[in-house]
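Content type CSV, C-alpha atoms, from the file query_2.csv:
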```csv
chain,number,residue,atom,x,y,z
A,1,MET,CA,0.0,0.0,0.0
A,2,ALA,CA,1.2,3.5,-0.8
A,3,THR,CA,2.6,5.7,2.0
A,4,PRO,CA,0.1,8.3,3.4
A,5,PHE,CA,1.3,11.2,1.3
A,6,SER,CA,2.8,9.4,-1.7
A,7,ARG,CA,0.8,11.7,-3.9
A,8,PRO,CA,-0.1,15.4,-3.3
A,9,LEU,CA,-3.5,17.1,-3.4
A,10,ALA,CA,-4.3,19.3,-6.3
A,11,LEU,CA,-6.0,22.6,-5.3
A,12,SER,CA,-7.7,24.6,-8.0
A,13,GLN,CA,-7.4,28.4,-7.8
A,14,GLY,CA,-11.1,29.2,-8.0
A,15,ASP,CA,-11.9,32.8,-8.9
A,16,PRO,CA,-8.6,34.6,-8.7
A,17,ALA,CA,-10.2,37.9,-7.6
A,18,GLY,CA,-11.8,36.2,-4.6
A,19,ILE,CA,-10.2,34.9,-1.4
A,20,GLY,CA,-9.0,31.7,-2.9
A,21,PRO,CA,-5.4,33.0,-3.2
A,22,ASP,CA,-5.6,34.5,0.3
A,23,ILE,CA,-6.6,31.3,2.1
A,24,THR,CA,-4.2,29.2,0.0
A,25,LEU,CA,-1.2,31.3,1.1
A,26,MET,CA,-2.3,31.3,4.7
A,27,ALA,CA,-2.9,27.6,4.7
A,28,TRP,CA,0.6,26.9,3.3
A,29,LEU,CA,2.2,29.1,5.9
A,30,ARG,CA,0.6,27.0,8.6
A,31,ARG,CA,1.5,23.7,6.9
A,32,ARG,CA,3.9,22.5,9.7
A,33,GLU,CA,1.9,23.8,12.6
A,34,LEU,CA,-1.3,22.0,11.3
A,35,GLY,CA,0.4,18.9,9.8
A,36,LEU,CA,-1.2,19.6,6.4
A,37,PRO,CA,-0.8,17.1,3.6
A,38,PRO,CA,1.3,18.3,0.6
A,39,PHE,CA,-0.7,20.2,-2.0
A,40,PHE,CA,-0.1,22.3,-5.0
A,41,LEU,CA,-2.1,25.1,-6.6
A,42,ILE,CA,-3.3,25.0,-10.2
A,43,GLY,CA,-3.6,28.7,-11.2
A,44,ASP,CA,-1.7,31.8,-12.0
A,45,PRO,CA,1.6,32.2,-10.0
A,46,ASP,CA,1.6,35.9,-10.7
A,47,VAL,CA,-1.8,36.3,-9.0
A,48,LEU,CA,-0.5,34.4,-6.0
A,49,ALA,CA,2.7,36.4,-5.8
A,50,LEU,CA,0.8,39.7,-6.0
A,51,ARG,CA,-1.7,38.7,-3.3
A,52,ALA,CA,1.2,37.6,-1.0
A,53,ARG,CA,2.7,41.1,-1.4
A,54,GLN,CA,-0.6,42.7,-0.7
A,55,LEU,CA,-1.1,40.7,2.4
A,56,ASN,CA,2.5,41.0,3.5
A,57,LEU,CA,2.9,37.2,3.6
A,58,ALA,CA,6.4,35.8,3.1
A,59,VAL,CA,5.6,32.8,0.8
A,60,SER,CA,8.1,31.3,-1.6
A,61,ILE,CA,6.3,30.3,-4.8
A,62,ARG,CA,7.8,27.7,-7.1
A,63,GLU,CA,6.3,26.7,-10.5
A,64,THR,CA,6.0,23.0,-11.4
A,65,HIS,CA,4.6,21.2,-14.4
A,66,LYS,CA,4.6,17.8,-12.8
A,67,ALA,CA,2.4,16.7,-9.9
A,68,SER,CA,5.1,14.2,-8.9
A,69,GLU,CA,7.4,17.1,-8.0
A,70,ALA,CA,5.0,19.0,-5.8
A,71,ALA,CA,5.3,16.9,-2.6
A,72,GLY,CA,9.1,17.4,-2.6
A,73,MET,CA,8.8,21.1,-3.0
A,74,PHE,CA,6.0,21.6,-0.4
A,75,ALA,CA,8.2,21.9,2.7
A,76,ASP,CA,10.1,24.9,1.3
A,77,ALA,CA,7.8,26.5,-1.3
A,78,LEU,CA,4.2,26.6,-2.4
A,79,PRO,CA,4.1,24.6,-5.7
A,80,VAL,CA,2.1,26.1,-8.5
A,81,MET,CA,1.1,24.4,-11.7
A,82,PRO,CA,0.7,27.5,-13.9
A,83,ILE,CA,-2.5,28.4,-15.8
A,84,PRO,CA,-2.7,32.1,-16.8
A,85,ALA,CA,-5.6,34.1,-15.3
A,86,GLY,CA,-6.2,35.8,-18.6
A,87,ILE,CA,-6.0,39.4,-17.3
A,88,GLU,CA,-4.2,41.4,-14.6
A,89,VAL,CA,-6.3,40.4,-11.6
A,90,VAL,CA,-7.4,43.0,-9.0
A,91,ALA,CA,-8.4,41.5,-5.6
A,92,GLY,CA,-12.2,42.0,-5.1
A,93,GLU,CA,-12.9,42.9,-8.7
A,94,PRO,CA,-14.2,39.8,-10.6
A,95,HIS,CA,-13.8,39.9,-14.4
A,96,GLU,CA,-15.3,37.7,-17.1
A,97,ALA,CA,-11.8,37.4,-18.7
A,98,THR,CA,-10.7,35.1,-15.9
A,99,ALA,CA,-13.4,32.5,-16.5
A,100,LYS,CA,-11.4,30.5,-19.0
A,101,GLY,CA,-8.5,30.1,-16.6
A,102,THR,CA,-10.8,29.2,-13.7
A,103,VAL,CA,-12.5,26.4,-15.7
A,104,ALA,CA,-9.1,25.2,-17.1
A,105,ALA,CA,-7.8,24.8,-13.5
A,106,ILE,CA,-10.8,22.6,-12.6
A,107,GLU,CA,-10.4,20.5,-15.7
A,108,LYS,CA,-6.7,20.1,-15.1
A,109,ALA,CA,-7.3,19.0,-11.5
A,110,VAL,CA,-9.8,16.4,-12.6
A,111,SER,CA,-7.5,15.0,-15.3
A,112,LEU,CA,-4.7,14.6,-12.8
A,113,VAL,CA,-6.9,12.8,-10.2
A,114,ILE,CA,-8.5,10.6,-12.9
A,115,GLY,CA,-5.0,9.8,-14.1
A,116,GLY,CA,-3.8,8.8,-10.6
A,117,GLU,CA,-1.2,11.6,-10.3
A,118,VAL,CA,-2.8,13.2,-7.3
A,119,LEU,CA,-4.5,11.7,-4.2
A,120,ALA,CA,-7.6,13.9,-4.4
A,121,ILE,CA,-8.7,17.4,-5.5
A,122,VAL,CA,-9.7,20.4,-3.5
A,123,THR,CA,-11.4,23.3,-5.2
A,124,ASN,CA,-11.3,27.0,-4.1
A,125,PRO,CA,-14.5,29.0,-4.5
A,126,ILE,CA,-15.7,30.0,-7.9
A,127,SER,CA,-18.2,32.8,-8.9
A,128,LYS,CA,-21.0,31.3,-10.9
A,129,ALA,CA,-22.1,34.7,-12.1
A,130,VAL,CA,-18.7,35.4,-13.6
A,131,LEU,CA,-18.7,32.0,-15.3
A,132,TYR,CA,-22.3,32.3,-16.5
A,133,ASP,CA,-21.3,35.6,-18.2
A,134,ALA,CA,-18.6,33.7,-20.1
A,135,GLY,CA,-21.0,31.0,-21.3
A,136,PHE,CA,-20.5,28.4,-18.5
A,137,ARG,CA,-23.5,26.0,-18.9
A,138,PHE,CA,-23.5,24.2,-15.6
A,139,PRO,CA,-25.5,25.2,-12.5
A,140,GLY,CA,-22.4,25.0,-10.3
A,141,HIS,CA,-19.1,23.3,-9.4
A,142,THR,CA,-20.7,20.0,-8.4
A,143,GLU,CA,-22.5,19.5,-11.7
A,144,PHE,CA,-19.4,20.4,-13.8
A,145,LEU,CA,-17.2,17.9,-11.9
A,146,ALA,CA,-19.8,15.2,-12.5
A,147,ASP,CA,-19.8,16.0,-16.2
A,148,LEU,CA,-16.0,15.9,-16.4
A,149,ALA,CA,-15.9,12.6,-14.5
A,150,ALA,CA,-18.5,11.1,-16.8
A,151,ARG,CA,-16.6,12.2,-19.9
A,152,ALA,CA,-13.3,10.9,-18.6
A,153,THR,CA,-14.7,7.5,-17.5
A,154,GLY,CA,-17.5,6.9,-19.9
A,155,LYS,CA,-19.8,6.0,-17.0
A,156,PRO,CA,-22.8,8.0,-15.8
A,157,VAL,CA,-22.2,10.0,-12.6
A,158,THR,CA,-24.8,11.2,-10.1
A,159,PRO,CA,-23.1,13.8,-7.9
A,160,VAL,CA,-24.3,14.3,-4.3
A,161,MET,CA,-23.3,17.4,-2.4
A,162,MET,CA,-22.6,17.0,1.3
A,163,LEU,CA,-21.6,19.6,3.9
A,164,SER,CA,-19.5,17.7,6.4
A,165,GLY,CA,-18.6,19.3,9.8
A,166,PRO,CA,-17.7,18.3,13.3
A,167,LYS,CA,-21.4,18.6,14.4
A,168,LEU,CA,-23.4,17.8,11.3
A,169,ARG,CA,-23.3,16.2,7.9
A,170,ALA,CA,-26.1,17.5,5.6
A,171,ILE,CA,-27.1,16.7,2.0
A,172,PRO,CA,-29.5,18.6,-0.2
A,173,VAL,CA,-31.4,16.4,-2.7
A,174,THR,CA,-32.0,19.3,-5.0
A,175,ILE,CA,-29.1,21.7,-5.3
A,176,HIS,CA,-28.8,24.8,-7.4
A,177,ILE,CA,-32.3,25.4,-8.5
A,178,PRO,CA,-34.9,28.1,-7.5
A,179,VAL,CA,-37.0,27.2,-4.5
A,180,ARG,CA,-40.2,27.4,-6.6
A,181,GLU,CA,-38.9,24.5,-8.8
A,182,VAL,CA,-38.1,22.2,-5.9
A,183,PRO,CA,-41.5,20.4,-5.6
A,184,GLN,CA,-41.5,19.6,-9.3
A,185,ALA,CA,-37.9,18.4,-9.2
A,186,LEU,CA,-38.4,16.1,-6.3
A,187,THR,CA,-39.0,12.5,-7.3
A,188,GLY,CA,-38.9,9.2,-5.3
A,189,GLU,CA,-36.1,8.0,-7.6
A,190,LEU,CA,-34.0,11.1,-7.0
A,191,ILE,CA,-34.4,10.8,-3.2
A,192,MET,CA,-33.5,7.1,-3.3
A,193,GLU,CA,-30.5,7.6,-5.5
A,194,THR,CA,-29.2,10.4,-3.3
A,195,CYS,CA,-29.6,8.2,-0.2
A,196,ARG,CA,-28.0,5.2,-1.8
A,197,ILE,CA,-24.9,7.2,-2.8
A,198,ALA,CA,-24.7,8.7,0.7
A,199,HIS,CA,-25.0,5.2,2.3
A,200,GLN,CA,-22.3,3.8,0.0
A,201,ASP,CA,-19.8,6.6,0.4
A,202,LEU,CA,-20.3,7.0,4.2
A,203,ARG,CA,-19.4,3.3,4.4
A,204,GLN,CA,-16.6,3.1,1.9
A,205,ARG,CA,-14.9,6.5,2.4
A,206,PHE,CA,-15.9,7.7,5.9
A,207,GLY,CA,-15.7,4.2,7.5
A,208,ILE,CA,-19.2,4.3,9.0
A,209,GLU,CA,-20.2,0.6,8.8
A,210,ALA,CA,-24.0,1.2,9.2
A,211,PRO,CA,-24.9,4.8,8.3
A,212,ARG,CA,-28.1,6.3,9.8
A,213,LEU,CA,-29.9,8.6,7.4
A,214,ALA,CA,-32.5,11.1,8.7
A,215,VAL,CA,-34.6,12.4,5.8
A,216,ALA,CA,-36.3,15.7,6.1
A,217,GLY,CA,-39.8,16.5,4.9
A,218,LEU,CA,-40.4,19.2,2.3
A,219,ASN,CA,-43.2,21.1,3.9
A,220,PRO,CA,-43.7,22.5,7.4
A,221,HIS,CA,-44.2,19.7,10.0
A,222,ALA,CA,-43.4,17.2,7.2
A,223,GLY,CA,-46.7,18.1,5.6
A,224,GLU,CA,-48.9,17.6,8.7
A,225,GLY,CA,-50.5,14.5,7.3
A,226,GLY,CA,-51.2,16.2,4.0
A,227,ALA,CA,-52.7,19.4,5.4
A,228,MET,CA,-49.6,21.4,4.5
A,229,GLY,CA,-48.6,19.7,1.2
A,230,LYS,CA,-48.9,16.3,-0.4
A,231,GLU,CA,-45.2,15.7,-1.3
A,232,ASP,CA,-44.2,14.3,2.1
A,233,GLU,CA,-46.7,11.4,2.0
A,234,ALA,CA,-46.9,11.0,-1.8
A,235,ILE,CA,-43.1,11.1,-2.7
A,236,ILE,CA,-40.8,11.1,0.3
A,237,ARG,CA,-42.3,8.5,2.6
A,238,PRO,CA,-42.6,5.8,-0.1
A,239,ALA,CA,-39.0,6.5,-1.1
A,240,ILE,CA,-37.9,5.9,2.5
A,241,GLU,CA,-39.9,2.7,2.8
A,242,ARG,CA,-38.2,1.3,-0.3
A,243,LEU,CA,-34.8,2.3,1.0
A,244,ARG,CA,-35.5,0.5,4.2
A,245,ASP,CA,-36.5,-2.6,2.2
A,246,GLU,CA,-33.1,-2.4,0.6
A,247,GLY,CA,-31.4,-2.5,4.0
A,248,ILE,CA,-30.6,1.2,4.3
A,249,ASP,CA,-31.3,2.7,7.7
A,250,ALA,CA,-33.4,5.7,6.7
A,251,ILE,CA,-36.0,7.4,8.8
A,252,GLY,CA,-38.5,10.1,8.0
A,253,PRO,CA,-39.9,12.3,6.6
A,254,LEU,CA,-39.0,14.3,9.7
A,255,PRO,CA,-40.1,17.9,10.4
A,256,ALA,CA,-37.0,19.9,9.5
A,257,ASP,CA,-37.4,22.4,12.3
A,258,THR,CA,-36.7,19.7,14.9
A,259,MET,CA,-33.9,17.8,13.2
A,260,PHE,CA,-30.9,19.9,14.1
A,261,HIS,CA,-30.8,20.5,17.8
A,262,ASP,CA,-28.1,18.7,19.8
A,263,GLU,CA,-30.1,15.7,21.0
A,264,ALA,CA,-31.6,15.1,17.5
A,265,ARG,CA,-28.2,15.0,15.8
A,266,THR,CA,-27.1,12.1,18.0
A,267,ARG,CA,-29.7,9.9,16.3
A,268,TYR,CA,-28.2,10.0,12.7
A,269,ASP,CA,-25.0,10.2,10.7
A,270,VAL,CA,-26.3,12.4,7.9
A,271,ALA,CA,-29.3,14.6,7.4
A,272,VAL,CA,-30.8,14.3,3.9
A,273,CYS,CA,-32.7,17.5,3.0
A,274,MET,CA,-35.0,18.4,0.2
A,275,TYR,CA,-33.4,21.6,-1.0
A,276,HIS,CA,-30.3,23.7,-0.8
A,277,ASP,CA,-31.0,26.0,2.1
A,278,GLN,CA,-32.7,23.4,4.2
A,279,ALA,CA,-29.4,21.6,4.4
A,280,LEU,CA,-26.9,24.4,4.2
A,281,ILE,CA,-28.3,26.8,6.7
A,282,PRO,CA,-28.0,24.4,9.7
A,283,ALA,CA,-24.7,23.1,8.3
A,284,LYS,CA,-23.1,26.5,8.1
A,285,THR,CA,-24.6,27.7,11.3
A,286,LEU,CA,-23.2,24.8,13.2
A,287,GLY,CA,-19.8,24.9,11.5
A,288,PHE,CA,-19.1,27.9,9.3
A,289,ASP,CA,-15.3,27.9,9.7
A,290,ASP,CA,-14.7,24.2,9.8
A,291,SER,CA,-17.3,22.5,7.6
A,292,VAL,CA,-16.3,21.1,4.2
A,293,ASN,CA,-18.2,20.7,0.9
A,294,VAL,CA,-17.7,17.1,-0.2
A,295,THR,CA,-19.0,15.7,-3.5
A,296,LEU,CA,-20.2,12.1,-3.1
A,297,GLY,CA,-20.8,9.8,-6.1
A,298,LEU,CA,-17.7,10.8,-8.0
A,299,PRO,CA,-15.0,8.2,-8.9
A,300,PHE,CA,-12.5,10.4,-7.0
A,301,VAL,CA,-12.4,12.5,-3.9
A,302,ARG,CA,-13.3,16.2,-4.1
A,303,THR,CA,-13.6,18.6,-1.2
A,304,SER,CA,-14.0,22.4,-1.0
A,305,PRO,CA,-14.3,25.1,1.6
A,306,ASP,CA,-18.0,25.6,2.5
A,307,HIS,CA,-17.9,29.4,1.7
A,308,GLY,CA,-17.9,31.5,-1.4
A,309,THR,CA,-15.5,33.9,-3.1
A,310,ALA,CA,-16.0,36.7,-0.6
A,311,PHE,CA,-14.9,39.4,-3.0
A,312,GLY,CA,-15.5,42.1,-0.5
A,313,ILE,CA,-12.7,41.0,1.8
A,314,ALA,CA,-10.2,39.6,-0.9
A,315,GLY,CA,-6.7,41.0,-0.4
A,316,LYS,CA,-7.6,42.8,2.8
A,317,GLY,CA,-6.2,40.3,5.3
A,318,LEU,CA,-9.7,39.5,6.7
A,319,ALA,CA,-10.2,36.0,5.2
A,320,ARG,CA,-10.0,32.9,7.4
A,321,GLU,CA,-8.3,29.8,6.1
A,322,GLN,CA,-10.0,27.3,8.5
A,323,SER,CA,-12.5,25.8,6.1
A,324,LEU,CA,-9.8,25.3,3.4
A,325,VAL,CA,-7.6,23.6,6.0
A,326,ALA,CA,-10.4,21.3,6.9
A,327,ALA,CA,-11.0,20.6,3.2
A,328,LEU,CA,-7.4,19.7,2.7
A,329,LYS,CA,-7.3,17.4,5.7
A,330,LEU,CA,-10.5,15.7,4.8
A,331,ALA,CA,-9.5,15.2,1.2
A,332,ALA,CA,-6.3,13.5,2.3
A,333,GLN,CA,-8.2,11.3,4.8
A,334,LEU,CA,-10.8,10.2,2.2
A,335,GLY,CA,-8.2,9.8,-0.5
A,336,ARG,CA,-6.2,7.4,1.7
A,337,SER,CA,-9.3,5.6,2.6
A,338,MET,CA,-10.1,5.0,-1.1
A,339,GLU,CA,-6.5,4.0,-1.8
A,340,SER,CA,-6.5,1.4,1.0
A,341,ARG,CA,-9.5,-0.3,-0.5
A,342,ARG,CA,-8.0,-0.8,-3.9
```

Translate the structure of the given file into structure tokens.
Amino acid sequence: MATPFSRPLALSQGDPAGIGPDITLMAWLRRRELGLPPFFLIGDPDVLALRARQLNLAVSIRETHKASEAAGMFADALPVMPIPAGIEVVAGEPHEATAKGTVAAIEKAVSLVIGGEVLAIVTNPISKAVLYDAGFRFPGHTEFLADLAARATGKPVTPVMMLSGPKLRAIPVTIHIPVREVPQALTGELIMETCRIAHQDLRQRFGIEAPRLAVAGLNPHAGEGGAMGKEDEAIIRPAIERLRDEGIDAIGPLPADTMFHDEARTRYDVAVCMYHDQALIPAKTLGFDDSVNVTLGLPFVRTSPDHGTAFGIAGKGLAREQSLVAALKLAAQLGRSMESRR
């Protein structure tokens, strides 16, 4: 079996005008103190060097074109696999011209992990608005990664977004769609597929032998027996019953307003929610600085900080690196878990 850090992690730059460069620099500076796994950035080294000067951070930056070189450089310099930003980047001022480089960095990270050159990938935050303006056709990072994985492997991929923190793991069944479209998008098959993937990855990657899934209702009070909406009884409950028939420990539909207090969280390993904010509001409230976005269902490990680009504080020394640090550590842990099962 390979040694724990036989391969580095690949970290994509994200939107270069956001706080991705800031938190990358700060995480590398704390590499020894925190025992971080070796990683290298895929992005523009000039952006990183300029941001380091702006933040008065003494970081040695060294270019590399081979992932295999990065682990050896990591102790003394932050390795960067160069991809031009496309424009002179100003911290806090997003620009459509950087979209090509942002997308290319993600594509490069996926090609490296599919090719076995890196242990896992970690993605810095992107701005979907900037990418949309440049013609990006995916709802978000998660869906783009799934498409790249499917194209690379020739196999269909169903991505499942999970926020993983010390106090809560939460999954939204529907992700980046308007709230008004959620009832139409919810199907029994979508709920079951999401839960099956969660069950499998919690076992195989997180080492939870018998995962317990708590499934939220869609409507207030989980529909109140149909008085507040029919979806809970017509769609969600039958899906849970079928999952239980398959041997998956799923309970619900549960009223979402009583699922997240301290005692309730002791009864399950992951909360499966019906829409984006139903999952992410409690996840970020309970662990804003140390929760991690994990994409389940991919043929490789991908994690990300659970926050956005934060353009308003980029380059000002106000960003916090804790979520990126947690994402790097979890990526290494899950990557080694996958490696040990091969």

For Ala234 (chain A), the closest of A:Glu33, A:Leu218, A:Ile175, A:Gly135 counting only C-alpha atoms is A:Leu218

In the coordinates of the file, take the point (-47.6, 13.2, 0.7) and a cut-off of 12 Å; then, counting all atoms listed in the file, name each qualifying protein, DNA or RNA residue as a VMD selection string. chain A and resid 183 186 to 188 217 to 219 221 to 239 253

Report as a count of residues only all protein, DNA and RNA residues lying within 12 Å of Ala71 (chain A), evaluated on all atoms listed in the file, omitting residues in the same chain fewer than 2 positions from it. 30

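Distances from A:Gln13, A:Asn124, A:Ser60, A:Thr174 to Thr98 (chain A) were compared using only C-alpha atoms, and the smallest one belongs to A:Gln13.
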
12 Å contact set for His307 (chain A), all atoms listed in the file, chain neighbours under 5 positions out, as a compact mmCIF listing (two decimals) with C-alpha atoms, keeping the file's coordinate frame:
```txt
# COMPACT_ATOMS: atom_id res chain seq x y z
CA GLY A 14 -11.10 29.20 -8.00
CA GLY A 18 -11.80 36.20 -4.60
CA ILE A 19 -10.20 34.90 -1.40
CA GLY A 20 -9.00 31.70 -2.90
CA ILE A 23 -6.60 31.30 2.10
CA THR A 123 -11.40 23.30 -5.20
CA ASN A 124 -11.30 27.00 -4.10
CA PRO A 125 -14.50 29.00 -4.50
CA ILE A 126 -15.70 30.00 -7.90
CA SER A 127 -18.20 32.80 -8.90
CA LEU A 163 -21.60 19.60 3.90
CA LEU A 280 -26.90 24.40 4.20
CA ILE A 281 -28.30 26.80 6.70
CA ALA A 283 -24.70 23.10 8.30
CA LYS A 284 -23.10 26.50 8.10
CA THR A 285 -24.60 27.70 11.30
CA GLY A 287 -19.80 24.90 11.50
CA PHE A 288 -19.10 27.90 9.30
CA ASP A 289 -15.30 27.90 9.70
CA ASP A 290 -14.70 24.20 9.80
CA SER A 291 -17.30 22.50 7.60
CA VAL A 292 -16.30 21.10 4.20
CA ASN A 293 -18.20 20.70 0.90
CA ALA A 319 -10.20 36.00 5.20
CA ARG A 320 -10.00 32.90 7.40
CA GLU A 321 -8.30 29.80 6.10
CA GLN A 322 -10.00 27.30 8.50
CA SER A 323 -12.50 25.80 6.10
CA LEU A 324 -9.80 25.30 3.40
CA ALA A 327 -11.00 20.60 3.20
```

If we count only C-alpha atoms and set the cut-off at 9 Å, which residues sit around Pro282 (chain A), ignoring sequence neighbours fewer than 5 positions away in its own chain? Please answer as JSON, numbers by chain. {"A": [168, 170, 260, 277, 287]}

For the selection just defined, write its residues with C-alpha atoms to a file, as a JSON list (two decimals), in the frame of the given file.
```
[["chain", "number", "residue", "atom", "x", "y", "z"],
["A", 168, "LEU", "CA", -23.40, 17.80, 11.30],
["A", 170, "ALA", "CA", -26.10, 17.50, 5.60],
["A", 260, "PHE", "CA", -30.90, 19.90, 14.10],
["A", 277, "ASP", "CA", -31.00, 26.00, 2.10],
["A", 287, "GLY", "CA", -19.80, 24.90, 11.50]]
```

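Using only C-alpha atoms, the nearest neighbour of Val103 (chain A) within the list A:Phe144, A:Phe300, A:Tyr268, A:Tyr275 is A:Phe144.
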
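CA of Ala99 (chain A) is found 7.8 Å from CA of Asp15 (chain A).
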
Would you mind listing what lies within 9 Å of Ala216 (chain A) as a ChimeraX atom specification, with all atoms listed in the file counted and same-chain residues fewer than 3 positions away left out? /A:222,232,236,251-256,259,271-274,278

Set the distance at 12 Å and use only C-alpha atoms: which residues neighbour Ile87 (chain A) once local chain neighbours fewer than 2 positions away are removed? I'd like the list as a short mmCIF file (atom, residue, chain, number, x, y, z; two decimals) with C-alpha atoms, in the coordinates of the input.
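And here is the file that came out, out03.cif:
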```cif
data_model
loop_
_atom_site.label_atom_id
_atom_site.label_comp_id
_atom_site.auth_asym_id
_atom_site.auth_seq_id
_atom_site.Cartn_x
_atom_site.Cartn_y
_atom_site.Cartn_z
CA PRO A 16 -8.60 34.60 -8.70
CA ALA A 17 -10.20 37.90 -7.60
CA ASP A 44 -1.70 31.80 -12.00
CA ASP A 46 1.60 35.90 -10.70
CA VAL A 47 -1.80 36.30 -9.00
CA ILE A 83 -2.50 28.40 -15.80
CA PRO A 84 -2.70 32.10 -16.80
CA ALA A 85 -5.60 34.10 -15.30
CA VAL A 89 -6.30 40.40 -11.60
CA VAL A 90 -7.40 43.00 -9.00
CA GLU A 93 -12.90 42.90 -8.70
CA PRO A 94 -14.20 39.80 -10.60
CA HIS A 95 -13.80 39.90 -14.40
CA GLU A 96 -15.30 37.70 -17.10
CA ALA A 97 -11.80 37.40 -18.70
CA THR A 98 -10.70 35.10 -15.90
CA ALA A 99 -13.40 32.50 -16.50
CA LYS A 100 -11.40 30.50 -19.00
CA GLY A 101 -8.50 30.10 -16.60
CA THR A 102 -10.80 29.20 -13.70
#
```

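Within a radius of 9 Å around (-22.6, 9.8, 10.5), the polymer residues are A:Leu168, A:Arg169, A:Leu202, A:Phe206, A:Ile208, A:Ala210, A:Pro211, A:Arg212, A:Leu213, A:Tyr268, A:Asp269, A:Val270, A:Ala271, counting only C-alpha atoms.
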
Record the distance separating CA of Leu318 (chain A) and CA of Thr24 (chain A), expressed in Å with one decimal. 13.5 Å

Using all atoms listed in the file, the shortest atom-to-atom distance to Val173 (chain A) among A:Phe138, A:His276, A:Pro156, A:Leu148 belongs to A:His276

Counting all atoms listed in the file, which residue out of A:His141, A:Arg205, A:His65, A:His261 sits closest to Met161 (chain A)? A:His141

Could you tell me how far CA of Ile191 (chain A) lies from CA of Glu263 (chain A), in Å and to one decimal? 25.1 Å

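Using all atoms listed in the file for every distance, the candidate list A:Glu181, A:Glu246, A:Glu143, A:Glu189 yields A:Glu143 as the residue closest to Thr295 (chain A).
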